[in-house]
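A short write-up of the structure that comes next.
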Amino acid sequence: MAEEQTFNILDPFSSVDLGIADKTDGIKQWAIANRDLIQPIKEFFNEMIVGIDSALNAVPPLVMLVILALIAWQAAGPRVGILVAASLTFLGFLAPNAWELAMTTLAIVVSAVILCFLIGLPLGIFAGKNDRFEALMRPILDTMQTIPAFVYLVPVVMLIGIGNVSGVIVTIIFSLPPLIRLTSLGIRGVNPSVVEAARAFGASPSQVLFKVELPLATPTILAGVNQTIMLSLSMVVIASMIAVKGLGNEVLRAMGRLDAGKAIVGGLGIVILAIVLDRITQGMGQSGRERGHRHWWQGGPIGAVLRLLSKPKQTATGDLKTET
């Protein structure tokens, strides 16, 4: 017979068992037995990832490079556009399959960021307007940010299984908190006198939100999007442990074979993607003052095209005035 442990007031921890491990195992058994209930969610995520991945890989690499460089130019200026073009060119020459793996990784990151935005923006807005909800969310977000990333893998694999879908869900959980926090911070940071002025002129609550608060909070919200993207990329290698495809999987397999060359190639690909996405999102978060008090469409390639299209009209107007 096993010896019964007696309660010791000086050492209560060794004689008390809350049974958390057994309860967790029970949840695991329930998840395995009811996995079919989660299948529709898994299919939705899988179709989204496959669709984005197929779209990115369907575009020829050189065309995609030009598109991303133009987006960077539009968002952050010509220097960043040149940097993005040079970085992606270097990425393409890293290895024969580097570009394809990078697009798969980008599809996973984009899927995770889109879902983070759809979840995090409403929660952040509500937290910014409601003190009780913000107080409720704070410990939840603290827990999400302090739990080691590896811990997220276990429950997600139990519920969903391995693969890209599980990787996206893990990435969402890991990278969601900064977006909620910074959205709430941006809403709370709007000058109250501006909000009061809008209300005094008869603006409805929805008009105040969409025409006053969100535009003024946009730089802070985009800073949250930037942090979410960076955290999503940091999960690429960790998520590859549950068979998530892309550059992270290449790094993990190379490390298992002690192939330093391929591991460095995969790591450099992740770094380049991080630089590209970071510069683009930082440029999108620039305030009007930083853009020279111009609208976003007045600069970059769109502004150049608009100026070219407006020149013939100006020339024709000048000719008419001369004839008159």
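Ligands are numbered from 1 in the order shown, residues from 1 within each chain, and chains are lettered A, B, ... in the order they appear in the structure tokens.
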
Write out as JSON lines the residues of region 239-260 of chain A that have any atom within 8 Å of an atom of region 94-101 of chain A, one row each with the nearest atom pair and its distance in Å to one decimal, counting only C-alpha atoms, sorted by chain and then rising number.
{"residue": "A:Lys245", "atom": "CA", "partner": "A:Leu101", "partner_atom": "CA", "distance": 7.7}
{"residue": "A:Gly246", "atom": "CA", "partner": "A:Leu101", "partner_atom": "CA", "distance": 4.6}
{"residue": "A:Leu247", "atom": "CA", "partner": "A:Leu101", "partner_atom": "CA", "distance": 5.4}

Quiz item: Which neighbours of Met137 (chain A) fall inside 10 Å, counting only C-alpha atoms, when residues of the same chain fewer than 2 positions from it are skipped, and could you give them as JSON, numbers by chain?
Solution: {"A": [123, 124, 127, 131, 132, 133, 134, 135, 139, 140, 141, 142, 143, 177, 180, 181]}

Quiz item: Could you name the residues that touch Ser54 (chain A) at 9 Å or less, counting only C-alpha atoms, but leaving out those on the same chain fewer than 5 positions away, as number ranges by chain?
Solution: A: 49, 59, 104, 107

Would you pick out the contacts of Ile172 (chain A) at 8 Å or less, using only C-alpha atoms, so that residues sharing its chain but fewer than 2 positions from it are not included, and give the list as a PDB file with C-alpha atoms, in the first residue's frame?
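Written file, around.pdb:
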ATOM      1  CA  ALA A 112      -2.792  35.702 -38.753  1.00  0.00           C
ATOM      2  CA  VAL A 113      -2.548  39.507 -38.941  1.00  0.00           C
ATOM      3  CA  LEU A 115      -7.640  37.769 -38.092  1.00  0.00           C
ATOM      4  CA  CYS A 116      -5.788  39.613 -35.313  1.00  0.00           C
ATOM      5  CA  VAL A 168      -2.053  30.453 -37.506  1.00  0.00           C
ATOM      6  CA  ILE A 169      -4.153  29.987 -34.358  1.00  0.00           C
ATOM      7  CA  VAL A 170      -1.039  29.855 -32.146  1.00  0.00           C
ATOM      8  CA  PHE A 174       0.700  35.078 -29.275  1.00  0.00           C
ATOM      9  CA  SER A 175       0.574  38.286 -31.323  1.00  0.00           C
ATOM     10  CA  LEU A 176      -2.906  39.649 -30.493  1.00  0.00           C
ATOM     11  CA  SER A 232       3.843  36.783 -35.887  1.00  0.00           C
TER      12      SER A 232
END

Quiz item: Given the choices A:Ala198, A:Val110, A:Arg188, A:Pro301, which gets closest to Lys211 (chain A) if the distance is worked out from only C-alpha atoms?
Solution: A:Ala198

Self-check item: Which of A:Val154, A:Val109, A:Ala254, A:Val212 sits closest to Ala197 (chain A) [using only C-alpha atoms]
Solution: A:Val212
